[in-house]
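Structure first, then comments.
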Amino acid sequence: MYRSRTNFGVKKRFNTNSRNRKFNQKTIDPNKFIKPAKVTLAEDEVITNQFSDFLINDLIKSNLSKQGYKIPTPIQDQAIPLALNGKDIIGVASTGTGKTAAFAIPVINNLINNKDSKALIVAPTRELAEQIQNECRSIGKQSGLLGALLIGGTPMRPQFRDLLAKPNIVIGTPGRILDHVKRGTLILKDFNLVVLDEVDRMLDMGFIEDVKLILESLATNRQSFFFSATLDYKVKTLLETFSSNSVVISLKKSESSDNVAQDIVNYSSREDKITKLHDLLIHPKTTKVIVFDETQRRVEELGGELVNRGFSADTLHGGKSQAQRQRALNRFKNNDVTILVATDVAARGIDVADITHVINYSVPESYESYIHRVGRAGRAGKTGYALTFVANH
């Protein structure tokens, strides 16, 4: 089976520029946070395949079937056949649209059929890297493939051990990947398959030079998969530099999720703000919520306030230890708590299908951040709700 030789835990650096955040808040038109939900399938997103139609290994088909996978999402439907034909792909689609399986299925199929192939998957955050690892394990179950997860905040020794086993697939964040490269424990030129997931987020987090170094060090003849929720000039320029013949699949029909109803909540004072949040959280339709705030301190203060008011809440931010962060995520996923108060570190990589509401208690630092926050709700074809608190002026 696809397996890893260690228990992974991580702690990723997360840096926030408060001056830039305040500037960006002033430039975001609040009207951009208002939009009704519209659950539709665009004409060019009509599904043409079932998973059973794809020319993939029977073991993968069996694993997908056991997980209940029958009909692919639009990004999977379009990307998988091209990837199986050896094409480089730039995939642009909203969060929650199945991008992980869109690259994981062809990558694992290649690794099963070509024992000399090696895949490197790069993600911006530890939560996303762990999510990718879990999906790869499910898709590649009983394949005999070995994997390694390289993420900061854990001892290097277990990762050294995993790399000595010559894993077929390595998943990691840029900083820890390059730590191993510098130590000589990871030789990137051996990898002929590469995936960059959430490219826009990696660049937002300041990883552009790390990403360039990683791409420059890989095998010259390789297949590349680049996935992103947005494709601005900076992202496009980077990707075109390292893959000039990529097929672009763009399913981004709007700037934020169509199936998320979005609105603003005006408030006049600090007391008015917490009162309105309280009222929102006791509404019968508000069953599972992520509340975003801008700093670790404010997240802890707000989480404590909600607990004192009798709510079932926990907090998630970059200042917590790996054990604390994993415990908070597990409690949220298992419905031991129904409210997760978080910084933007949680805006990517949390794969929880039943989140009903995203509440921006603080205005996001950029509209791109807003898109990724909103993408946590309205998954699996369900209608979600996003509410952004905006001060009266």
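Residue numbers start at 1 in each chain; chains themselves are named A, B, ... in the order of the structure tokens; ligands are numbered from 1 in the order shown.
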
Within 12 Å of Asp53 of chain A, counting only C-alpha atoms, which residues show up once you throw out same-chain ones fewer than 6 positions away? Write them as a list in words, please. Ile47, Lys61, Lys70, Ile71, Pro72, Asp77, Ile80 and Pro81 of chain A

Quick one: pick out all helix (DSSP H, G or I) residues within segment 22-234 of chain A from a backbone DSSP run and write them as a PyMOL selection string. chain A and resi 22-27+30-33+43-45+51-53+58-66+74-84+99-113+126-139+156-164+174-183+188-190+199-204+208-217+233-234

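Ranking A:Ala261, A:Val374, A:Ile112, A:Ala148 by their shortest atom-to-atom distance to Lys35 of chain A, with only C-alpha atoms included, puts A:Ala261 first.
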
For Glu216 of chain A: contacts at 10 Å, only C-alpha atoms, fewer than 3 positions along chain excluded, given as a list of chain:residue names: A:Leu188, A:Lys189, A:Asp210, A:Val211, A:Lys212, A:Leu213, A:Ala219, A:Thr220, A:Phe242

Counting only C-alpha atoms, which of A:Leu329, A:Ala129, A:Ile169, A:Ala391 gets nearest to Gly147 of chain A? A:Ile169

Could you write out, as a PyMOL selection string, all the residues of segment 215-391 of chain A that DSSP marks as strand (DSSP E or B)? chain A and resi 223-228+247-250+260-267+289-292+313-316+339-342+357-360+384-391

Store the residues of this selection in a file with N, CA and C atoms, as a compact mmCIF listing (two decimals), in the first residue's frame.
```
# COMPACT_ATOMS: atom_id res chain seq x y z
N GLN A 223 7.31 15.92 -16.32
CA GLN A 223 5.92 16.34 -16.50
C GLN A 223 5.55 17.21 -15.31
N SER A 224 4.89 18.34 -15.60
CA SER A 224 4.60 19.32 -14.56
C SER A 224 3.10 19.57 -14.43
N PHE A 225 2.66 19.70 -13.19
CA PHE A 225 1.27 20.03 -12.89
C PHE A 225 1.25 21.25 -11.99
N PHE A 226 0.62 22.31 -12.42
CA PHE A 226 0.53 23.53 -11.62
C PHE A 226 -0.95 23.84 -11.38
N PHE A 227 -1.34 23.91 -10.13
CA PHE A 227 -2.73 24.17 -9.80
C PHE A 227 -2.84 25.40 -8.91
N SER A 228 -3.85 26.20 -9.20
CA SER A 228 -4.00 27.47 -8.49
C SER A 228 -5.46 27.90 -8.52
N VAL A 247 -0.91 22.90 -21.10
CA VAL A 247 -2.31 23.07 -21.44
C VAL A 247 -2.99 23.76 -20.26
N VAL A 248 -3.64 24.88 -20.53
CA VAL A 248 -4.31 25.62 -19.47
C VAL A 248 -5.77 25.20 -19.39
N ILE A 249 -6.18 24.74 -18.23
CA ILE A 249 -7.57 24.39 -17.96
C ILE A 249 -8.09 25.40 -16.96
N SER A 250 -8.98 26.25 -17.38
CA SER A 250 -9.50 27.30 -16.51
C SER A 250 -11.00 27.12 -16.32
N VAL A 260 -21.72 29.95 -2.97
CA VAL A 260 -21.62 30.55 -1.63
C VAL A 260 -22.34 31.89 -1.64
N ALA A 261 -23.37 32.01 -0.83
CA ALA A 261 -24.10 33.27 -0.70
C ALA A 261 -23.27 34.21 0.16
N GLN A 262 -22.97 35.41 -0.36
CA GLN A 262 -22.03 36.31 0.31
C GLN A 262 -22.70 37.65 0.64
N ASP A 263 -22.40 38.14 1.85
CA ASP A 263 -22.99 39.41 2.27
C ASP A 263 -22.08 40.04 3.32
N ILE A 264 -22.40 41.28 3.69
CA ILE A 264 -21.64 41.98 4.72
C ILE A 264 -22.48 42.19 5.96
N VAL A 265 -21.80 42.38 7.07
CA VAL A 265 -22.46 42.71 8.34
C VAL A 265 -21.85 44.03 8.83
N ASN A 266 -22.63 45.06 8.84
CA ASN A 266 -22.15 46.36 9.32
C ASN A 266 -22.22 46.42 10.84
N TYR A 267 -21.19 47.02 11.44
CA TYR A 267 -21.20 47.18 12.90
C TYR A 267 -20.69 48.57 13.24
N VAL A 289 -18.81 26.38 11.50
CA VAL A 289 -18.35 27.71 11.11
C VAL A 289 -16.84 27.86 11.28
N ILE A 290 -16.22 28.53 10.30
CA ILE A 290 -14.87 29.07 10.50
C ILE A 290 -15.00 30.58 10.62
N VAL A 291 -14.46 31.12 11.70
CA VAL A 291 -14.43 32.56 11.91
C VAL A 291 -12.99 33.02 11.74
N PHE A 292 -12.75 33.89 10.77
CA PHE A 292 -11.40 34.36 10.52
C PHE A 292 -11.14 35.70 11.21
N ALA A 313 -16.14 26.03 20.75
CA ALA A 313 -15.17 26.66 19.84
C ALA A 313 -13.75 26.26 20.17
N ASP A 314 -12.90 26.33 19.16
CA ASP A 314 -11.46 26.12 19.33
C ASP A 314 -10.74 27.10 18.40
N THR A 315 -9.43 27.18 18.52
CA THR A 315 -8.66 28.15 17.74
C THR A 315 -7.56 27.45 16.95
N LEU A 316 -7.18 28.07 15.85
CA LEU A 316 -6.13 27.53 14.98
C LEU A 316 -5.32 28.68 14.41
N ILE A 339 -17.26 25.50 15.99
CA ILE A 339 -16.73 26.81 15.59
C ILE A 339 -15.22 26.76 15.67
N LEU A 340 -14.55 27.13 14.58
CA LEU A 340 -13.10 27.21 14.57
C LEU A 340 -12.72 28.65 14.27
N VAL A 341 -12.04 29.29 15.21
CA VAL A 341 -11.57 30.66 15.03
C VAL A 341 -10.12 30.57 14.55
N ALA A 342 -9.80 31.22 13.43
CA ALA A 342 -8.51 30.96 12.79
C ALA A 342 -7.95 32.18 12.11
N HIS A 357 -20.76 27.95 7.15
CA HIS A 357 -20.53 29.39 7.15
C HIS A 357 -19.04 29.73 7.28
N VAL A 358 -18.62 30.72 6.53
CA VAL A 358 -17.34 31.38 6.75
C VAL A 358 -17.65 32.81 7.18
N ILE A 359 -17.12 33.20 8.32
CA ILE A 359 -17.35 34.55 8.83
C ILE A 359 -16.02 35.28 8.90
N ASN A 360 -15.91 36.36 8.15
CA ASN A 360 -14.71 37.20 8.17
C ASN A 360 -14.90 38.26 9.25
N GLY A 384 -23.21 27.34 0.57
CA GLY A 384 -22.56 27.85 1.77
C GLY A 384 -22.86 29.33 1.93
N TYR A 385 -22.37 29.88 3.04
CA TYR A 385 -22.63 31.28 3.35
C TYR A 385 -21.34 31.94 3.83
N ALA A 386 -21.08 33.13 3.34
CA ALA A 386 -19.91 33.91 3.75
C ALA A 386 -20.36 35.29 4.17
N LEU A 387 -19.97 35.71 5.36
CA LEU A 387 -20.36 37.02 5.89
C LEU A 387 -19.10 37.76 6.32
N THR A 388 -18.97 39.00 5.88
CA THR A 388 -17.80 39.81 6.19
C THR A 388 -18.21 41.03 7.01
N PHE A 389 -17.56 41.18 8.17
CA PHE A 389 -17.85 42.31 9.05
C PHE A 389 -17.16 43.57 8.51
N VAL A 390 -17.94 44.64 8.33
CA VAL A 390 -17.43 45.89 7.81
C VAL A 390 -17.88 47.01 8.73
N ALA A 391 -16.92 47.83 9.19
CA ALA A 391 -17.23 48.91 10.13
C ALA A 391 -17.99 50.04 9.44
```

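Residue neighbourhood of Arg325 of chain A, excluding near-sequence residues (fewer than 4 positions): Gly9, Val10, Lys11, Glu127, Asp314, Thr315, Leu316, His317, Gly318, Gly319, Lys320, Ser321, Leu329, Asn330 and Arg331 of chain A, at 10 Å, using only C-alpha atoms.
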
Could those residues be written to a file, using N, CA and C atoms, as a PDB file, in the first residue's frame?
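File produced: out21.pdb:
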```
ATOM      1  N   GLY A   9       4.331  15.324  11.939  1.00  0.00           N
ATOM      2  CA  GLY A   9       3.773  16.498  12.601  1.00  0.00           C
ATOM      3  C   GLY A   9       4.586  17.678  12.147  1.00  0.00           C
ATOM      4  N   VAL A  10       3.993  18.848  12.089  1.00  0.00           N
ATOM      5  CA  VAL A  10       4.695  19.966  11.482  1.00  0.00           C
ATOM      6  C   VAL A  10       4.390  21.285  12.147  1.00  0.00           C
ATOM      7  N   LYS A  11       5.267  22.236  11.892  1.00  0.00           N
ATOM      8  CA  LYS A  11       5.031  23.612  12.295  1.00  0.00           C
ATOM      9  C   LYS A  11       5.597  24.498  11.203  1.00  0.00           C
ATOM     10  N   GLU A 127      -0.945  21.917   6.557  1.00  0.00           N
ATOM     11  CA  GLU A 127      -2.276  21.322   6.514  1.00  0.00           C
ATOM     12  C   GLU A 127      -2.602  20.802   5.116  1.00  0.00           C
ATOM     13  N   ASP A 314     -12.897  26.330  19.162  1.00  0.00           N
ATOM     14  CA  ASP A 314     -11.459  26.124  19.325  1.00  0.00           C
ATOM     15  C   ASP A 314     -10.742  27.100  18.404  1.00  0.00           C
ATOM     16  N   THR A 315      -9.428  27.185  18.522  1.00  0.00           N
ATOM     17  CA  THR A 315      -8.658  28.147  17.743  1.00  0.00           C
ATOM     18  C   THR A 315      -7.559  27.447  16.955  1.00  0.00           C
ATOM     19  N   LEU A 316      -7.184  28.072  15.846  1.00  0.00           N
ATOM     20  CA  LEU A 316      -6.130  27.531  14.981  1.00  0.00           C
ATOM     21  C   LEU A 316      -5.318  28.680  14.408  1.00  0.00           C
ATOM     22  N   HIS A 317      -4.008  28.662  14.655  1.00  0.00           N
ATOM     23  CA  HIS A 317      -3.115  29.676  14.093  1.00  0.00           C
ATOM     24  C   HIS A 317      -1.682  29.176  14.142  1.00  0.00           C
ATOM     25  N   GLY A 318      -0.791  29.919  13.499  1.00  0.00           N
ATOM     26  CA  GLY A 318       0.593  29.484  13.364  1.00  0.00           C
ATOM     27  C   GLY A 318       1.387  29.485  14.647  1.00  0.00           C
ATOM     28  N   GLY A 319       0.883  30.113  15.713  1.00  0.00           N
ATOM     29  CA  GLY A 319       1.601  30.142  16.978  1.00  0.00           C
ATOM     30  C   GLY A 319       1.410  28.898  17.818  1.00  0.00           C
ATOM     31  N   LYS A 320       0.511  28.036  17.412  1.00  0.00           N
ATOM     32  CA  LYS A 320       0.256  26.810  18.163  1.00  0.00           C
ATOM     33  C   LYS A 320       1.230  25.712  17.755  1.00  0.00           C
ATOM     34  N   SER A 321       1.461  24.788  18.679  1.00  0.00           N
ATOM     35  CA  SER A 321       2.304  23.638  18.358  1.00  0.00           C
ATOM     36  C   SER A 321       1.573  22.724  17.396  1.00  0.00           C
ATOM     37  N   LEU A 329      -7.961  20.793  14.707  1.00  0.00           N
ATOM     38  CA  LEU A 329      -8.533  20.359  13.431  1.00  0.00           C
ATOM     39  C   LEU A 329      -9.370  19.096  13.595  1.00  0.00           C
ATOM     40  N   ASN A 330      -8.851  18.139  14.352  1.00  0.00           N
ATOM     41  CA  ASN A 330      -9.585  16.894  14.546  1.00  0.00           C
ATOM     42  C   ASN A 330     -10.893  17.135  15.292  1.00  0.00           C
ATOM     43  N   ARG A 331     -10.862  18.001  16.288  1.00  0.00           N
ATOM     44  CA  ARG A 331     -12.088  18.310  17.030  1.00  0.00           C
ATOM     45  C   ARG A 331     -13.128  18.951  16.113  1.00  0.00           C
TER      46      ARG A 331
END
```

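Nearest residue to Ile108 of chain A among A:Lys333, A:Arg137, A:Lys87, A:Arg222 is A:Arg137, counting only C-alpha atoms.
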
Considering only C-alpha atoms, tabulate each residue of segment 46-159 of chain A that lies at most 12 Å from segment 198-204 of chain A along with its nearest interatomic pair and the corresponding distance in Å to one decimal; arrange the rows by chain and ascending residue number and present them as CSV.
```
residue,atom,partner,partner_atom,distance
A:Ile90,CA,A:Val199,CA,10.1
A:Gly91,CA,A:Glu198,CA,10.0
A:Val92,CA,A:Glu198,CA,9.5
A:Ala93,CA,A:Glu198,CA,10.1
A:Ser94,CA,A:Glu198,CA,10.3
A:Thr95,CA,A:Glu198,CA,9.1
A:Gly96,CA,A:Glu198,CA,11.8
A:Lys99,CA,A:Glu198,CA,9.6
A:Thr100,CA,A:Glu198,CA,10.1
A:Ile121,CA,A:Glu198,CA,10.9
A:Val122,CA,A:Glu198,CA,8.9
A:Ala123,CA,A:Glu198,CA,6.6
A:Pro124,CA,A:Met202,CA,5.0
A:Thr125,CA,A:Met202,CA,8.4
A:Arg126,CA,A:Met202,CA,11.9
A:Leu128,CA,A:Glu198,CA,9.0
A:Ala129,CA,A:Glu198,CA,10.6
A:Ile132,CA,A:Glu198,CA,11.6
```

Contact residues around Val181 of chain A with only C-alpha atoms at 12 Å, ignoring same-chain residues under 4 positions, as an MDAnalysis selection string: chainID A and resid 150 160 163 174:177 185:190 210 213:214 217:218

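Checking A:Ser246, A:Tyr233, A:Asp162, A:Ala119 one by one against Leu82 of chain A, counting only C-alpha atoms, you find the shortest gap at A:Ser246.
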
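Computed from the coordinates, the atom CA of Asp258 of chain A to atom CA of Pro36 of chain A distance equals 7.9 Å.
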
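By chain and then residue number, the residues within 8 Å of Gly378 of chain A are Ser257, Asn259, Val260, Ala353, Asp354, Ile355, Thr356, Thr383, Gly384 and Tyr385 of chain A, counting only C-alpha atoms and disregarding those fewer than 5 positions away in sequence.
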
Please produce a file of those selected residues containing N, CA and C atoms, as an mmCIF file, in the first residue's frame.
```cif
data_model
loop_
_atom_site.group_PDB
_atom_site.id
_atom_site.type_symbol
_atom_site.label_atom_id
_atom_site.label_comp_id
_atom_site.auth_asym_id
_atom_site.auth_seq_id
_atom_site.Cartn_x
_atom_site.Cartn_y
_atom_site.Cartn_z
ATOM 1 N N SER A 257 -16.624 31.585 -5.044
ATOM 2 C CA SER A 257 -17.495 30.447 -5.265
ATOM 3 C C SER A 257 -18.920 30.861 -5.603
ATOM 4 N N ASN A 259 -21.515 28.966 -5.503
ATOM 5 C CA ASN A 259 -22.493 28.356 -4.618
ATOM 6 C C ASN A 259 -22.352 28.808 -3.166
ATOM 7 N N VAL A 260 -21.715 29.954 -2.966
ATOM 8 C CA VAL A 260 -21.623 30.555 -1.634
ATOM 9 C C VAL A 260 -22.344 31.894 -1.644
ATOM 10 N N ALA A 353 -15.973 18.991 4.497
ATOM 11 C CA ALA A 353 -17.032 19.147 3.499
ATOM 12 C C ALA A 353 -18.293 19.817 4.033
ATOM 13 N N ASP A 354 -18.498 19.817 5.354
ATOM 14 C CA ASP A 354 -19.783 20.255 5.887
ATOM 15 C C ASP A 354 -19.743 21.621 6.568
ATOM 16 N N ILE A 355 -18.786 22.470 6.202
ATOM 17 C CA ILE A 355 -18.750 23.830 6.749
ATOM 18 C C ILE A 355 -19.883 24.635 6.106
ATOM 19 N N THR A 356 -20.768 25.172 6.950
ATOM 20 C CA THR A 356 -21.908 25.929 6.420
ATOM 21 C C THR A 356 -21.578 27.405 6.243
ATOM 22 N N THR A 383 -24.851 24.581 -0.773
ATOM 23 C CA THR A 383 -24.818 26.034 -0.686
ATOM 24 C C THR A 383 -24.179 26.448 0.638
ATOM 25 N N GLY A 384 -23.205 27.338 0.572
ATOM 26 C CA GLY A 384 -22.560 27.853 1.769
ATOM 27 C C GLY A 384 -22.856 29.331 1.934
ATOM 28 N N TYR A 385 -22.370 29.881 3.037
ATOM 29 C CA TYR A 385 -22.627 31.280 3.346
ATOM 30 C C TYR A 385 -21.336 31.939 3.831
#
```
